[in-house]
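Q: What follows is upload-v4.tsv, made up of TSV, C-alpha atoms and all ligand atoms:
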```
chain	number	residue	atom	x	y	z
K	1	MET	CA	-31.87	93.10	22.78
K	2	LEU	CA	-33.51	91.32	25.64
K	3	ARG	CA	-36.79	92.60	27.07
K	4	GLU	CA	-39.62	91.36	29.24
K	5	CYS	CA	-43.35	91.57	28.59
K	6	LYS	CA	-45.36	91.50	31.83
K	7	GLU	CA	-47.85	89.18	30.25
K	8	HIS	CA	-45.87	87.02	27.83
K	9	GLY	CA	-42.44	86.76	29.38
K	10	TYR	CA	-38.97	87.40	28.03
K	11	PHE	CA	-38.22	88.09	24.37
K	12	ARG	CA	-35.28	89.03	22.15
K	13	ALA	CA	-36.74	91.76	20.02
K	14	ASP	CA	-37.91	95.37	20.15
K	15	TYR	CA	-41.51	94.33	20.74
K	16	CYS	CA	-43.23	91.36	22.37
K	17	PRO	CA	-43.85	88.78	19.60
K	18	VAL	CA	-47.28	88.03	21.08
K	19	CYS	CA	-48.89	91.38	21.93
K	20	GLY	CA	-46.57	93.91	20.30
K	21	GLN	CA	-45.91	95.85	23.51
K	22	GLU	CA	-42.46	97.24	24.22
K	23	GLY	CA	-42.15	95.71	27.66
K	24	ARG	CA	-39.25	96.25	30.04
K	25	PHE	CA	-35.65	96.60	28.91
K	26	LEU	CA	-33.26	94.00	30.35
K	27	MET	CA	-30.04	94.30	28.36
K	28	ASN	CA	-28.77	95.42	25.00
K	29	SER	CA	-27.50	93.11	22.26
K	30	GLU	CA	-23.86	93.53	23.18
K	31	GLU	CA	-24.51	92.67	26.82
K	32	LEU	CA	-26.64	89.73	25.73
K	33	ASP	CA	-23.88	88.51	23.46
K	34	ARG	CA	-21.18	88.77	26.11
K	35	LEU	CA	-23.24	87.25	28.88
K	36	SER	CA	-24.31	84.39	26.62
K	37	ARG	CA	-20.68	83.59	25.91
K	38	THR	CA	-19.82	83.71	29.60
K	39	LEU	CA	-22.81	81.56	30.47
K	40	ALA	CA	-21.89	78.96	27.86
K	41	GLY	CA	-18.23	79.05	28.79
K	42	VAL	CA	-18.81	78.60	32.51
K	43	LEU	CA	-21.50	75.95	32.27
K	44	ARG	CA	-19.83	73.94	29.52
K	45	HIS	CA	-16.13	74.37	30.05
K	46	PHE	CA	-14.67	76.25	33.02
K	47	PRO	CA	-16.89	76.52	36.13
K	48	GLU	CA	-13.72	76.32	38.25
K	49	ARG	CA	-12.55	79.63	36.82
K	50	PHE	CA	-15.41	81.22	38.73
K	51	ASP	CA	-15.02	78.93	41.75
K	52	LEU	CA	-18.38	77.37	41.04
K	53	GLU	CA	-19.42	73.94	42.20
K	54	VAL	CA	-21.06	71.74	39.59
K	55	ASP	CA	-23.12	68.68	40.49
K	56	SER	CA	-22.89	65.44	38.53
K	57	TYR	CA	-25.76	66.60	36.29
K	58	GLY	CA	-23.96	69.78	35.34
K	59	PHE	CA	-26.08	72.08	37.50
K	60	VAL	CA	-24.73	75.23	39.12
K	61	ASP	CA	-26.61	77.31	41.68
K	62	LEU	CA	-28.04	80.35	39.86
K	63	ARG	CA	-27.55	82.82	42.68
K	64	ARG	CA	-23.96	81.72	43.19
K	65	PHE	CA	-23.41	82.01	39.46
K	66	VAL	CA	-24.65	85.60	39.47
K	67	ASN	CA	-22.52	86.47	42.51
K	68	ALA	CA	-19.46	84.89	40.93
K	69	ILE	CA	-19.88	86.84	37.69
K	70	GLN	CA	-20.31	90.07	39.61
K	71	ALA	CA	-17.26	89.41	41.74
K	72	LYS	CA	-15.09	88.77	38.68
K	73	GLN	CA	-16.44	91.37	36.31
K	74	ARG	CA	-17.46	94.76	37.66
K	75	ARG	CA	-19.35	95.71	34.52
K	76	TYR	CA	-22.08	93.28	35.57
K	77	HIS	CA	-22.97	95.11	38.79
K	78	TRP	CA	-26.59	95.26	37.55
K	79	LEU	CA	-26.84	91.54	36.97
K	80	ARG	CA	-29.66	89.69	38.78
K	81	PRO	CA	-30.87	86.09	38.49
K	82	HIS	CA	-33.77	87.08	36.25
K	83	HIS	CA	-31.37	88.36	33.60
K	84	ILE	CA	-29.89	84.88	33.35
K	85	LEU	CA	-33.34	83.29	33.34
K	86	ALA	CA	-34.30	85.60	30.48
K	87	ILE	CA	-31.32	84.42	28.44
K	88	ILE	CA	-32.11	80.78	29.18
K	89	GLU	CA	-35.82	81.06	28.39
K	90	THR	CA	-35.29	82.84	25.10
K	91	ASP	CA	-32.40	80.73	23.85
K	92	ASN	CA	-33.65	79.43	20.55
K	93	LYS	CA	-31.53	76.34	20.65
K	94	GLY	CA	-32.47	75.28	24.17
K	95	ARG	CA	-28.84	75.39	25.23
K	96	TYR	CA	-29.64	75.82	28.91
K	97	GLU	CA	-31.97	74.53	31.52
K	98	PHE	CA	-33.24	76.06	34.75
K	99	LYS	CA	-34.53	73.81	37.52
K	100	ASP	CA	-34.98	74.28	41.28
K	101	GLY	CA	-32.82	77.40	41.45
K	102	LYS	CA	-30.03	75.83	39.42
K	103	ILE	CA	-28.85	76.22	35.84
K	104	ARG	CA	-26.93	74.00	33.44
K	105	ALA	CA	-25.98	73.68	29.81
K	106	THR	CA	-27.98	71.01	28.00
K	107	TYR	CA	-25.17	69.84	25.73
K	108	ALA	CA	-21.58	70.37	24.51
K	109	HIS	CA	-19.80	70.05	27.85
K	110	SER	CA	-16.06	69.52	27.91
K	111	PHE	CA	-16.31	67.63	31.21
K	112	GLU	CA	-18.40	64.60	32.08
K	113	VAL	CA	-22.04	65.23	32.89
K	114	GLU	CA	-25.07	62.99	33.32
K	115	LEU	CA	-27.74	64.42	31.07
K	116	ASP	CA	-31.20	63.07	31.79
K	117	THR	CA	-32.90	64.11	28.59
K	118	SER	CA	-36.37	63.16	29.81
K	119	ASN	CA	-37.07	66.75	30.74
K	120	VAL	CA	-36.13	69.05	27.90
K	121	GLY	CA	-39.00	71.37	28.71
K	122	ILE	CA	-41.09	71.02	25.56
K	123	PRO	CA	-44.70	70.02	26.32
K	124	ASP	CA	-46.34	67.06	24.57
K	125	SER	CA	-49.03	69.30	23.13
K	126	LEU	CA	-49.08	72.92	22.02
K	127	TYR	CA	-51.83	75.02	20.47
K	128	TYR	CA	-52.33	77.10	17.38
K	129	PRO	CA	-55.10	79.58	16.64
K	130	ALA	CA	-56.59	79.62	13.15
K	131	THR	CA	-59.34	81.75	11.66
K	132	GLU	CA	-62.56	80.06	10.56
K	133	GLU	CA	-61.71	80.80	6.93
K	134	GLU	CA	-58.32	79.11	7.01
K	135	VAL	CA	-58.84	76.22	9.43
K	136	ASP	CA	-59.91	73.62	6.85
K	137	ILE	CA	-56.96	74.28	4.60
K	138	ILE	CA	-54.56	74.15	7.55
K	139	ILE	CA	-56.00	70.80	8.67
K	140	GLU	CA	-55.35	69.57	5.14
K	141	THR	CA	-51.94	71.08	4.41
K	142	GLY	CA	-50.42	71.83	7.82
K	143	ILE	CA	-49.20	75.01	9.49
K	144	LYS	CA	-46.70	76.90	7.35
K	145	PRO	CA	-44.75	79.94	8.41
K	146	SER	CA	-46.12	82.83	6.37
K	147	ASP	CA	-44.33	86.14	6.65
K	148	ARG	CA	-42.73	84.86	9.81
K	149	LYS	CA	-39.73	82.64	9.60
K	150	ARG	CA	-41.19	80.10	11.93
K	151	VAL	CA	-44.54	78.95	13.22
K	152	HIS	CA	-45.55	80.34	16.61
K	153	LEU	CA	-47.26	77.86	18.91
K	154	SER	CA	-48.88	78.60	22.26
K	155	LYS	CA	-48.38	76.78	25.53
K	156	THR	CA	-52.04	76.58	26.57
K	157	VAL	CA	-55.46	76.84	24.93
K	158	LYS	CA	-55.90	80.19	26.67
K	159	ASP	CA	-52.64	81.53	25.25
K	160	ALA	CA	-53.67	80.37	21.77
K	161	VAL	CA	-57.08	82.04	22.09
K	162	ASN	CA	-55.40	85.28	23.16
K	163	ALA	CA	-52.87	85.08	20.33
K	164	GLY	CA	-55.64	84.28	17.83
K	165	ARG	CA	-57.82	87.19	18.93
K	166	VAL	CA	-55.29	89.55	17.39
K	167	ARG	CA	-56.52	88.32	14.01
K	168	THR	CA	-60.06	87.12	14.59
K	169	GLU	CA	-62.78	87.41	17.19
K	170	SER	CA	-63.45	83.68	17.31
K	171	PRO	CA	-60.26	81.73	16.72
K	172	VAL	CA	-60.47	78.00	16.04
K	173	ILE	CA	-57.92	76.18	18.16
K	174	LEU	CA	-55.75	73.39	16.80
K	175	GLU	CA	-53.92	71.03	19.08
K	176	VAL	CA	-50.43	70.13	17.88
K	177	ASP	CA	-49.09	66.67	18.73
K	178	VAL	CA	-45.64	67.99	19.61
K	179	LYS	CA	-44.48	64.71	21.11
K	180	SER	CA	-44.85	62.89	17.78
K	181	ALA	CA	-43.54	65.83	15.78
K	182	VAL	CA	-40.39	66.00	17.91
K	183	GLU	CA	-39.96	62.23	17.66
K	184	ASP	CA	-40.10	62.66	13.89
K	185	GLY	CA	-37.31	65.21	14.02
K	186	ILE	CA	-39.24	68.47	13.82
K	187	VAL	CA	-37.48	71.14	15.86
K	188	VAL	CA	-39.65	72.88	18.45
K	189	GLN	CA	-38.08	75.53	20.66
K	190	LYS	CA	-39.19	77.60	23.56
K	191	ALA	CA	-39.19	81.31	22.78
K	192	GLY	CA	-40.86	82.82	25.80
K	193	LYS	CA	-43.05	81.97	28.75
K	194	THR	CA	-45.99	80.97	26.55
K	195	VAL	CA	-44.55	80.92	23.02
K	196	TYR	CA	-42.78	78.13	21.16
K	197	LEU	CA	-41.31	78.25	17.69
K	198	ALA	CA	-41.40	75.40	15.21
K	199	GLU	CA	-40.62	74.66	11.64
K	200	GLU	CA	-43.51	73.70	9.41
K	201	ILE	CA	-46.02	71.43	11.17
K	202	GLY	CA	-47.52	68.77	8.91
K	203	PRO	CA	-51.27	67.97	8.94
K	204	LYS	CA	-50.83	64.61	10.66
K	205	TYR	CA	-49.89	66.37	13.90
K	206	LEU	CA	-52.97	68.58	13.94
K	207	LYS	CA	-56.32	68.12	15.58
K	208	LYS	CA	-59.14	70.62	15.84
K	209	ILE	CA	-60.38	70.87	19.41
K	210	ASP	CA	-63.64	72.22	20.79
K	211	VAL	CA	-63.08	75.34	22.81
K	212	ASP	CA	-65.77	77.31	24.58
K	213	LEU	CA	-64.53	80.81	23.82
K	214	SER	CA	-66.79	82.29	26.51
K	215	GLU	CA	-64.45	80.68	29.03
K	216	PHE	CA	-61.73	83.00	27.77
K	217	PRO	CA	-63.08	86.54	27.73
K	218	PRO	CA	-60.77	89.02	25.98
K	219	ASP	CA	-58.36	90.61	28.48
K	220	ARG	CA	-58.63	94.00	26.88
K	221	PRO	CA	-59.41	95.40	23.46
K	222	GLN	CA	-56.55	95.13	20.97
K	223	PRO	CA	-55.62	98.43	19.35
K	224	ASP	CA	-56.19	98.23	15.62
K	225	ASP	CA	-53.02	100.03	14.67
K	226	GLN	CA	-50.73	97.46	16.23
K	227	LYS	CA	-49.39	94.63	14.21
K	228	PRO	CA	-47.81	92.10	16.54
K	229	ASP	CA	-47.40	89.77	13.55
K	230	MET	CA	-44.76	92.08	12.20
K	231	ALA	CA	-42.76	92.20	15.40
K	232	GLU	CA	-39.28	90.82	15.20
K	233	THR	CA	-39.08	87.27	16.39
K	234	PRO	CA	-36.25	85.92	18.55
K	235	GLU	CA	-34.56	84.06	15.71
K	236	ASP	CA	-33.79	87.35	14.02
K	237	GLN	CA	-31.23	88.07	16.66
K	238	PRO	CA	-27.59	87.23	16.01
K	239	GLU	CA	-26.41	83.97	17.45
K	240	ALA	CA	-24.45	84.35	20.62
K	241	ASP	CA	-22.33	81.41	21.53
K	242	ASP	CA	-19.07	80.43	22.99
K	243	LYS	CA	-16.25	79.92	20.57
K	244	GLY	CA	-14.99	76.50	19.63
K	245	GLU	CA	-18.19	74.71	20.45
K	246	PRO	CA	-17.66	71.03	19.71
K	247	GLU	CA	-20.69	70.09	17.68
J	1	ZN	ZN	-46.68	90.59	25.35
```
Would you write the structure of this file as structure tokens?
Ligand SMILES: [Zn+2]
A:
Amino acid sequence: MLRECKEHGYFRADYCPVCGQEGRFLMNSEELDRLSRTLAGVLRHFPERFDLEVDSYGFVDLRRFVNAIQAKQRRYHWLRPHHILAIIETDNKGRYEFKDGKIRATYAHSFEVELDTSNVGIPDSLYYPATEEEVDIIIETGIKPSDRKRVHLSKTVKDAVNAGRVRTESPVILEVDVKSAVEDGIVVQKAGKTVYLAEEIGPKYLKKIDVDLSEFPPDRPQPDDQKPDMAETPEDQPEADDKGEPE
């Protein structure tokens, strides 16, 4: 299902993968599945079926998209732009892009589109919190997904400090050279407002950085009985896609 954490953005799980809170319900798995198919179908193949104008870059106005869906399918009377944004932001394959109030598919169109791939939305650097005990071994061997299926990286130093404080009072922050990693073929995907998922990150992309932790006072005490590490991550959700995707 699709939910929203006030602090960490949208996520496809029962609990926020960062803080473990339940957050706000947006739609159930079936609705997510159906809407994802519609989104992919319209943006990749048949915008004209919904009377939607597409620019030469494949962008469609988000508000018009929402209105068009509602007009065609009454079951989506509750649909608002943020529901679509939530799907886009949590798509683990980066199938969609949102920019200046418009949305588009990032690949697999059946009509001609100019795709400027310069802006795929993945920052050049991301951050990872380690404990003091493990940091030396990570610098030497890289970041490996442990019980999780994939490595969780944070968008900013502050996000990494907050994520790290779940496990240790004084996290050591590693900067990940995402630009080089992506150039080398490592897949990094956005999974929420501040969270990115990656496969294993080798040591050559890692650099320990000096962080003054006093600049980032804890927001609030973390309850001991919560285990955000065990929360379901977005990749556990079933894939929702349009049929007959030419890939
Ligand atoms: Zn959260």
Q: With distances taken over only C-alpha atoms, which of K:His45, K:His77, K:Arg3, K:His8 is nearest to Ser110 (chain K)?
A: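 With only C-alpha atoms as the atom set, the closest residue is K:His45.
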Q: Compile a residue-level contact table for chain K against ligand ZN 1 (chain J) at a cut-off of 12 Å, reporting for every qualifying residue the shortest atom pair and its distance in Å to one decimal, with all atoms listed in the file counted, rows ordered by chain and ascending number, as a Markdown table.
A:
```
| residue | atom | partner | partner_atom | distance |
| --- | --- | --- | --- | --- |
| K:Arg3 | CA | J:ZN1 | ZN | 10.2 |
| K:Glu4 | CA | J:ZN1 | ZN | 8.1 |
| K:Cys5 | CA | J:ZN1 | ZN | 4.7 |
| K:Lys6 | CA | J:ZN1 | ZN | 6.7 |
| K:Glu7 | CA | J:ZN1 | ZN | 5.2 |
| K:His8 | CA | J:ZN1 | ZN | 4.4 |
| K:Gly9 | CA | J:ZN1 | ZN | 7.0 |
| K:Tyr10 | CA | J:ZN1 | ZN | 8.8 |
| K:Phe11 | CA | J:ZN1 | ZN | 8.9 |
| K:Arg12 | CA | J:ZN1 | ZN | 11.9 |
| K:Ala13 | CA | J:ZN1 | ZN | 11.3 |
| K:Asp14 | CA | J:ZN1 | ZN | 11.3 |
| K:Tyr15 | CA | J:ZN1 | ZN | 7.9 |
| K:Cys16 | CA | J:ZN1 | ZN | 4.6 |
| K:Pro17 | CA | J:ZN1 | ZN | 6.7 |
| K:Val18 | CA | J:ZN1 | ZN | 5.0 |
| K:Cys19 | CA | J:ZN1 | ZN | 4.1 |
| K:Gly20 | CA | J:ZN1 | ZN | 6.0 |
| K:Gln21 | CA | J:ZN1 | ZN | 5.6 |
| K:Glu22 | CA | J:ZN1 | ZN | 8.0 |
| K:Gly23 | CA | J:ZN1 | ZN | 7.2 |
| K:Arg24 | CA | J:ZN1 | ZN | 10.5 |
| K:Asp159 | CA | J:ZN1 | ZN | 10.8 |
| K:Asn162 | CA | J:ZN1 | ZN | 10.4 |
| K:Ala163 | CA | J:ZN1 | ZN | 9.7 |
| K:Val166 | CA | J:ZN1 | ZN | 11.8 |
| K:Gly192 | CA | J:ZN1 | ZN | 9.7 |
| K:Lys193 | CA | J:ZN1 | ZN | 10.0 |
| K:Thr194 | CA | J:ZN1 | ZN | 9.7 |
| K:Val195 | CA | J:ZN1 | ZN | 10.2 |
| K:Gln222 | CA | J:ZN1 | ZN | 11.7 |
| K:Pro228 | CA | J:ZN1 | ZN | 9.0 |
| K:Asp229 | CA | J:ZN1 | ZN | 11.9 |
| K:Ala231 | CA | J:ZN1 | ZN | 10.8 |
```
Q: Smallest atom-to-atom distance to Leu2 (chain K): which of K:Ile87, K:Arg75, K:Thr38, K:Tyr57, using all atoms listed in the file?
A: K:Ile87
Q: Which value, in Å to one decimal, gives the distance between CA of Val151 (chain K) and CA of Arg167 (chain K)?
A: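 About the pair CA of Val151 (chain K) and CA of Arg167 (chain K): they are 15.2 Å apart.
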Q: Could you tell me how far CA of Lys179 (chain K) lies from CA of Asp124 (chain K), in Å and to one decimal?
A: 4.6 Å
Q: If I take CA of Pro145 (chain K) and CA of Gly202 (chain K), how far is one from the other in Å, to one decimal?
A: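 Interatomic distance, CA of Pro145 (chain K) to CA of Gly202 (chain K): 11.5 Å.
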Q: Can you pull out the residues contacting region 99-107 of chain K? Cut-off 7 Å, using only C-alpha atoms, and skip same-chain residues under 3 positions away; I want them as JSON, numbers by chain.
A: {"K": [40, 43, 44, 58, 59, 60, 61, 62, 95, 96]}
Q: With only C-alpha atoms as the atoms that count, which of K:Ala86, K:Val176, K:Leu115, K:Leu26 lies nearest to Tyr128 (chain K)?
A: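 Of all the options, K:Val176 lies closest to Tyr128 (chain K).
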Q: Set the distance at 12 Å and use only C-alpha atoms: which residues neighbour Ala130 (chain K) once local chain neighbours fewer than 2 positions away are removed? I'd like the list as a VMD selection string.
A: chain K and resid 127 to 128 132 to 139 142 to 144 152 to 154 160 to 175 206 to 209
Q: Name the closest residue to Lys158 (chain K) among the candidates K:Ala181, K:Ala108, K:Leu126, K:Leu85; distances are taken between atoms, counting all atoms listed in the file.
A: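 Using all atoms listed in the file, Lys158 (chain K) sits closest to K:Leu126.
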Q: Please identify all polymer residues within 12 Å of Gly185 (chain K), counting all atoms listed in the file, omitting same-chain residues fewer than 5 positions from it, and present them as a list in words.
A: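 These residues fall inside the cut-off: Val178, Lys179, Ser180, Ala198, Glu199, Glu200, Ile201 and Gly202 of chain K.
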